Amino acid sequence: MMGRILGKHPRVYTFGELHFFGQLCAPPFSSKLRRKMAEELASELHCIQREGYRTYGNPRRFLGEAQAFLERLSTYPDTSASLFEAFLYDETAENDKTIPCDQTPRNVFYIADILELYPNARVINMIRDPRDVLLSQKRKWKRRSLGGSDLPIKEMLRDWVNYHPITISHIWRTAVSAADQFAEHGRVISIYFEELLRHPETTVKSLCDFVGITYADEMLQVPQVGSSVAADQPQQLGINPHRAHSWHSDTNAGELGSAEIYLNQTITAALMKRHNYSPASIQPNLASLTLHLLSFPVKLGGAFLFNLDRMKNIRQTLKRRL
């Protein structure tokens, strides 16, 4: 949603999730890049941007487009970081805009790299109630029936395997901790999802000041799509305030079991307190709690196997995320 808000600005072009850091390229991002590797990386970036991160096919089909892109650059990129920057600005210019915006969630684990590699970059970190994140991830595999009709069956299965209350809670904790290290950095800003929904105009105006662009009213006229807890309504424009605190709303009552909420609040307790999320008083169902604990190693192993193709360097990826 934040990506769509920014993309409504006349100067900002918002990309799909590109997953350059960690998946397409592993650190160090400033290491020398051979010509063949540059063409392959450019092909992957073009493929993901054209077809979507969750649905893209064979990057080799975009080799010609990638070679043409590299040839028209005034300076041939000699590192993966410079190639990525050139790709962002080239695509942005092709869409008659000047400021590129990459909305990949995993970037939160690479903030230090981004700030060092790109001195003009601004990082917008979104924080959301961990129980809402848990509900969203639990229902993510159902996106196909909520409007994501092009979602491949393999991705649905991946989403189902990826979900476990312990795994998702740990990832929320490490993601928030990763961003908290830059809480005082002048080029990093954290925005609470709930605050954005409660005061959209004030929040986005403040964000525009941070980025260095002029606020435009049309930025708030975004389609209500992409949710894992509600059907897409592309004809409905604007910020839906009811998206906050979905985990205990009447509409989603019972979607998260007491054991899931208990595990989530236990694992994220310290950061929930730091970010002013109040825990619910809850007693877990012991049978469900036992089942979640016993199933955790199985689901974690399955998630590892399903996501091997999304890790350029397995050891570094696991270290940053878990």
# chains A, B, ... in the order shown; residues from 1 in each chain; ligands from 1
call {"tool": "residues_around", "arguments": {"residues": "segment 78-89 of chain A", "least_positions_apart": "5", "cutoff": "7 Å", "atoms": "only C-alpha atoms", "output": "PyMOL selection string"}}
result
chain A and resi 29-33+100
call {"tool": "write_last_selection", "arguments": {"atoms": "C-alpha atoms", "output": "compact mmCIF listing (two decimals), in the first residue's frame"}}
result
# COMPACT_ATOMS: atom_id res chain seq x y z
CA PHE A 29 27.35 -5.88 -3.62
CA SER A 30 30.33 -3.76 -4.66
CA SER A 31 32.41 -6.67 -5.98
CA LYS A 32 33.45 -6.62 -9.63
CA LEU A 33 30.89 -7.85 -12.14
CA PRO A 100 12.62 5.07 -8.31
call {"tool": "residues_around", "arguments": {"residues": "Arg106 of chain A", "least_positions_apart": "4", "cutoff": "10 Å", "atoms": "only C-alpha atoms", "output": "JSON, numbers by chain"}}
result
{"A": [17, 18, 19, 20, 21, 22, 23, 110, 111, 175, 320, 321]}
call {"tool": "write_last_selection", "arguments": {"atoms": "all heavy atoms", "output": "short mmCIF file (atom, residue, chain, number, x, y, z; two decimals), in the first residue's frame"}}
result
data_model
loop_
_atom_site.label_atom_id
_atom_site.label_comp_id
_atom_site.auth_asym_id
_atom_site.auth_seq_id
_atom_site.Cartn_x
_atom_site.Cartn_y
_atom_site.Cartn_z
N GLU A 17 8.07 -5.97 -6.33
CA GLU A 17 9.13 -6.50 -5.46
C GLU A 17 10.23 -7.08 -6.33
O GLU A 17 10.00 -8.04 -7.08
CB GLU A 17 8.56 -7.56 -4.52
CG GLU A 17 7.58 -7.03 -3.50
CD GLU A 17 7.16 -8.10 -2.50
OE1 GLU A 17 7.84 -9.14 -2.41
OE2 GLU A 17 6.16 -7.89 -1.80
N LEU A 18 11.43 -6.52 -6.24
CA LEU A 18 12.53 -6.95 -7.10
C LEU A 18 13.44 -7.98 -6.44
O LEU A 18 14.07 -8.78 -7.12
CB LEU A 18 13.36 -5.72 -7.52
CG LEU A 18 12.61 -4.71 -8.39
CD1 LEU A 18 13.45 -3.46 -8.60
CD2 LEU A 18 12.22 -5.32 -9.73
N HIS A 19 13.56 -7.92 -5.13
CA HIS A 19 14.37 -8.88 -4.36
C HIS A 19 15.80 -8.97 -4.88
O HIS A 19 16.37 -10.05 -5.03
CB HIS A 19 13.71 -10.26 -4.36
CG HIS A 19 12.46 -10.31 -3.52
ND1 HIS A 19 12.44 -10.74 -2.22
CD2 HIS A 19 11.18 -9.96 -3.81
CE1 HIS A 19 11.21 -10.66 -1.74
NE2 HIS A 19 10.43 -10.18 -2.70
N PHE A 20 16.37 -7.80 -5.15
CA PHE A 20 17.77 -7.75 -5.58
C PHE A 20 18.70 -8.19 -4.46
O PHE A 20 19.57 -9.03 -4.65
CB PHE A 20 18.11 -6.33 -6.04
CG PHE A 20 19.58 -6.10 -6.26
CD1 PHE A 20 20.19 -6.55 -7.41
CD2 PHE A 20 20.36 -5.45 -5.31
CE1 PHE A 20 21.55 -6.36 -7.62
CE2 PHE A 20 21.71 -5.24 -5.50
CZ PHE A 20 22.31 -5.70 -6.66
N PHE A 21 18.49 -7.60 -3.28
CA PHE A 21 19.37 -7.89 -2.14
C PHE A 21 19.03 -9.24 -1.53
O PHE A 21 17.92 -9.45 -1.04
CB PHE A 21 19.25 -6.79 -1.08
CG PHE A 21 19.68 -5.44 -1.56
CD1 PHE A 21 18.73 -4.52 -2.00
CD2 PHE A 21 21.01 -5.08 -1.60
CE1 PHE A 21 19.10 -3.28 -2.46
CE2 PHE A 21 21.41 -3.83 -2.06
CZ PHE A 21 20.45 -2.93 -2.51
N GLY A 22 19.98 -10.15 -1.54
CA GLY A 22 19.79 -11.44 -0.88
C GLY A 22 19.35 -12.55 -1.80
O GLY A 22 19.74 -13.70 -1.60
N GLN A 23 18.50 -12.24 -2.79
CA GLN A 23 18.03 -13.30 -3.69
C GLN A 23 18.74 -13.25 -5.04
O GLN A 23 19.35 -14.24 -5.46
CB GLN A 23 16.52 -13.22 -3.92
CG GLN A 23 16.02 -14.31 -4.87
CD GLN A 23 14.52 -14.42 -4.92
OE1 GLN A 23 13.83 -14.08 -3.96
NE2 GLN A 23 14.00 -14.90 -6.03
N TYR A 110 18.87 -5.27 4.83
CA TYR A 110 20.04 -4.76 4.10
C TYR A 110 20.11 -3.23 4.16
O TYR A 110 20.66 -2.60 3.27
CB TYR A 110 19.97 -5.23 2.63
CG TYR A 110 20.02 -6.73 2.50
CD1 TYR A 110 18.84 -7.49 2.48
CD2 TYR A 110 21.23 -7.41 2.43
CE1 TYR A 110 18.88 -8.87 2.38
CE2 TYR A 110 21.28 -8.80 2.34
CZ TYR A 110 20.10 -9.52 2.32
OH TYR A 110 20.13 -10.89 2.23
N ILE A 111 19.55 -2.66 5.22
CA ILE A 111 19.53 -1.19 5.33
C ILE A 111 20.95 -0.61 5.34
O ILE A 111 21.22 0.39 4.66
CB ILE A 111 18.76 -0.76 6.59
CG1 ILE A 111 17.27 -1.10 6.43
CG2 ILE A 111 18.93 0.74 6.84
CD1 ILE A 111 16.42 -0.77 7.65
N ALA A 175 13.05 -8.57 11.84
CA ALA A 175 12.86 -7.46 10.90
C ALA A 175 12.75 -6.13 11.65
O ALA A 175 13.39 -5.14 11.28
CB ALA A 175 11.61 -7.69 10.04
N ARG A 320 20.64 -13.40 8.59
CA ARG A 320 19.98 -12.09 8.65
C ARG A 320 18.51 -12.21 9.03
O ARG A 320 17.96 -11.35 9.71
CB ARG A 320 20.11 -11.37 7.30
CG ARG A 320 21.54 -10.98 6.97
CD ARG A 320 21.59 -10.01 5.80
NE ARG A 320 22.98 -9.76 5.40
CZ ARG A 320 23.45 -8.58 5.06
NH1 ARG A 320 22.67 -7.51 5.12
NH2 ARG A 320 24.70 -8.43 4.66
N ARG A 321 17.85 -13.25 8.57
CA ARG A 321 16.39 -13.35 8.76
C ARG A 321 16.00 -14.05 10.05
O ARG A 321 14.92 -13.81 10.58
CB ARG A 321 15.75 -14.07 7.58
CG ARG A 321 15.94 -13.35 6.27
CD ARG A 321 14.97 -13.81 5.23
NE ARG A 321 13.62 -13.34 5.50
CZ ARG A 321 12.56 -13.64 4.76
NH1 ARG A 321 12.70 -14.43 3.72
NH2 ARG A 321 11.37 -13.18 5.07
#
call {"tool": "residues_around", "arguments": {"residues": "Tyr215 of chain A", "least_positions_apart": "6", "cutoff": "9 Å", "atoms": "only C-alpha atoms", "output": "list in words"}}
result
His9, Val204, Lys205, Ser206, Leu207, Cys208 and Asp209 of chain A
call {"tool": "write_last_selection", "arguments": {"atoms": "all heavy atoms", "output": "PDB file, in the first residue's frame"}}
result
ATOM      1  N   HIS A   9       2.553   9.630  -6.893  1.00  0.00           N
ATOM      2  CA  HIS A   9       3.195  10.935  -7.017  1.00  0.00           C
ATOM      3  C   HIS A   9       3.719  11.103  -8.448  1.00  0.00           C
ATOM      4  O   HIS A   9       4.230  10.148  -9.040  1.00  0.00           O
ATOM      5  CB  HIS A   9       4.349  11.060  -6.022  1.00  0.00           C
ATOM      6  CG  HIS A   9       4.878  12.444  -5.889  1.00  0.00           C
ATOM      7  ND1 HIS A   9       5.792  12.977  -6.765  1.00  0.00           N
ATOM      8  CD2 HIS A   9       4.608  13.426  -4.986  1.00  0.00           C
ATOM      9  CE1 HIS A   9       6.075  14.210  -6.404  1.00  0.00           C
ATOM     10  NE2 HIS A   9       5.370  14.515  -5.323  1.00  0.00           N
ATOM     11  N   VAL A 204       1.325  10.989   5.343  1.00  0.00           N
ATOM     12  CA  VAL A 204       1.933  11.043   4.009  1.00  0.00           C
ATOM     13  C   VAL A 204       2.588  12.398   3.764  1.00  0.00           C
ATOM     14  O   VAL A 204       3.637  12.485   3.121  1.00  0.00           O
ATOM     15  CB  VAL A 204       0.890  10.715   2.925  1.00  0.00           C
ATOM     16  CG1 VAL A 204       1.487  10.881   1.528  1.00  0.00           C
ATOM     17  CG2 VAL A 204       0.378   9.283   3.099  1.00  0.00           C
ATOM     18  N   LYS A 205       2.014  13.475   4.278  1.00  0.00           N
ATOM     19  CA  LYS A 205       2.657  14.790   4.151  1.00  0.00           C
ATOM     20  C   LYS A 205       4.013  14.799   4.853  1.00  0.00           C
ATOM     21  O   LYS A 205       5.000  15.333   4.323  1.00  0.00           O
ATOM     22  CB  LYS A 205       1.759  15.879   4.735  1.00  0.00           C
ATOM     23  CG  LYS A 205       0.609  16.291   3.824  1.00  0.00           C
ATOM     24  CD  LYS A 205      -0.202  17.426   4.443  1.00  0.00           C
ATOM     25  CE  LYS A 205      -1.291  17.914   3.482  1.00  0.00           C
ATOM     26  NZ  LYS A 205      -2.108  19.011   4.066  1.00  0.00           N
ATOM     27  N   SER A 206       4.063  14.193   6.040  1.00  0.00           N
ATOM     28  CA  SER A 206       5.327  14.105   6.771  1.00  0.00           C
ATOM     29  C   SER A 206       6.328  13.263   5.997  1.00  0.00           C
ATOM     30  O   SER A 206       7.529  13.583   5.944  1.00  0.00           O
ATOM     31  CB  SER A 206       5.080  13.512   8.159  1.00  0.00           C
ATOM     32  OG  SER A 206       6.290  13.304   8.852  1.00  0.00           O
ATOM     33  N   LEU A 207       5.848  12.194   5.398  1.00  0.00           N
ATOM     34  CA  LEU A 207       6.705  11.316   4.603  1.00  0.00           C
ATOM     35  C   LEU A 207       7.266  12.060   3.389  1.00  0.00           C
ATOM     36  O   LEU A 207       8.441  11.909   3.053  1.00  0.00           O
ATOM     37  CB  LEU A 207       5.907  10.096   4.151  1.00  0.00           C
ATOM     38  CG  LEU A 207       6.636   9.115   3.236  1.00  0.00           C
ATOM     39  CD1 LEU A 207       7.822   8.497   3.964  1.00  0.00           C
ATOM     40  CD2 LEU A 207       5.679   8.016   2.773  1.00  0.00           C
ATOM     41  N   CYS A 208       6.439  12.856   2.741  1.00  0.00           N
ATOM     42  CA  CYS A 208       6.891  13.625   1.584  1.00  0.00           C
ATOM     43  C   CYS A 208       8.007  14.592   1.975  1.00  0.00           C
ATOM     44  O   CYS A 208       8.987  14.770   1.236  1.00  0.00           O
ATOM     45  CB  CYS A 208       5.724  14.380   0.956  1.00  0.00           C
ATOM     46  SG  CYS A 208       4.551  13.330   0.060  1.00  0.00           S
ATOM     47  N   ASP A 209       7.871  15.224   3.130  1.00  0.00           N
ATOM     48  CA  ASP A 209       8.922  16.115   3.620  1.00  0.00           C
ATOM     49  C   ASP A 209      10.224  15.355   3.815  1.00  0.00           C
ATOM     50  O   ASP A 209      11.315  15.850   3.491  1.00  0.00           O
ATOM     51  CB  ASP A 209       8.497  16.770   4.941  1.00  0.00           C
ATOM     52  CG  ASP A 209       7.357  17.770   4.766  1.00  0.00           C
ATOM     53  OD1 ASP A 209       7.167  18.251   3.636  1.00  0.00           O
ATOM     54  OD2 ASP A 209       6.666  18.060   5.765  1.00  0.00           O
TER      55      ASP A 209
END
call {"tool": "select_by_dssp", "arguments": {"residues": "segment 213-320 of chain A", "states": "alpha helix (DSSP H)", "output": "PyMOL selection string"}}
result
chain A and resi 258-267+269-274+286-306+314-320
call {"tool": "closest_residue", "arguments": {"among": "A:Asn120, A:Asp132, A:Leu157, A:Gln224", "to": "Met2 of chain A", "atoms": "only C-alpha atoms"}}
result
A:Gln224
call {"tool": "residues_around", "arguments": {"residues": "segment 239-243 of chain A", "least_positions_apart": "4", "cutoff": "10 Å", "atoms": "only C-alpha atoms", "output": "PyMOL selection string"}}
result
chain A and resi 1+5+132+193-201+220-224+227+229-230+247+249
call {"tool": "write_last_selection", "arguments": {"atoms": "C-alpha atoms", "output": "CSV table (one decimal), in the first residue's frame"}}
result
chain,number,residue,atom,x,y,z
A,1,MET,CA,0.0,0.0,0.0
A,5,ILE,CA,0.8,5.7,-2.3
A,132,ASP,CA,-2.0,-8.6,12.1
A,193,PHE,CA,0.7,1.0,9.6
A,194,GLU,CA,-2.0,1.8,12.1
A,195,GLU,CA,-1.0,5.5,12.2
A,196,LEU,CA,-1.0,5.7,8.4
A,197,LEU,CA,-4.6,4.3,8.4
A,198,ARG,CA,-5.7,6.6,11.2
A,199,HIS,CA,-4.2,9.8,9.9
A,200,PRO,CA,-3.3,9.2,6.2
A,201,GLU,CA,-3.0,12.8,5.0
A,220,LEU,CA,-4.1,8.8,-1.1
A,221,GLN,CA,-6.3,7.6,-4.0
A,222,VAL,CA,-5.0,4.1,-4.1
A,223,PRO,CA,-7.0,1.0,-5.0
A,224,GLN,CA,-7.8,-1.3,-2.1
A,227,SER,CA,-4.8,-7.8,1.2
A,229,VAL,CA,-7.7,-10.8,4.7
A,230,ALA,CA,-10.2,-9.2,2.3
A,247,TRP,CA,-6.6,-10.0,13.9
A,249,SER,CA,-12.0,-7.8,14.4
call {"tool": "residues_around", "arguments": {"residues": "Ile48 of chain A", "least_positions_apart": "6", "cutoff": "10 Å", "atoms": "only C-alpha atoms", "output": "PyMOL selection string"}}
result
chain A and resi 15-19+54-59+62
call {"tool": "atom_distance", "arguments": {"atom1": "atom CA of Leu263 of chain A", "atom2": "atom CA of Ala179 of chain A"}}
result
22.4 Å
call {"tool": "atom_distance", "arguments": {"atom1": "atom CA of Lys319 of chain A", "atom2": "atom CA of Ile127 of chain A"}}
result
21.1 Å
call {"tool": "closest_residue", "arguments": {"among": "A:Gly212, A:Pro165, A:Pro234, A:Gly254", "to": "Leu289 of chain A", "atoms": "only C-alpha atoms"}}
result
A:Pro165
call {"tool": "residues_around", "arguments": {"residues": "Phe306 of chain A", "least_positions_apart": "4", "cutoff": "12 Å", "atoms": "only C-alpha atoms", "output": "ChimeraX atom specification"}}
result
/A:154-163,299-302,310-311
call {"tool": "select_by_dssp", "arguments": {"residues": "segment 121-279 of chain A", "states": "strand (DSSP E or B)", "output": "list of chain:residue names"}}
result
A:Val123, A:Ile124, A:Asn125, A:Met126, A:Ile127, A:Val188, A:Ile189, A:Ser190, A:Ile191, A:Tyr192, A:Pro223, A:Gln224, A:Gln233, A:Pro234, A:Gln235, A:Gln236, A:Leu237
call {"tool": "closest_residue", "arguments": {"among": "A:Ala121, A:Lys36, A:Leu135, A:Tyr13", "to": "Ala244 of chain A", "atoms": "only C-alpha atoms"}}
result
A:Leu135
call {"tool": "atom_distance", "arguments": {"atom1": "atom CA of Ser295 of chain A", "atom2": "atom CA of Ile166 of chain A"}}
result
10.2 Å
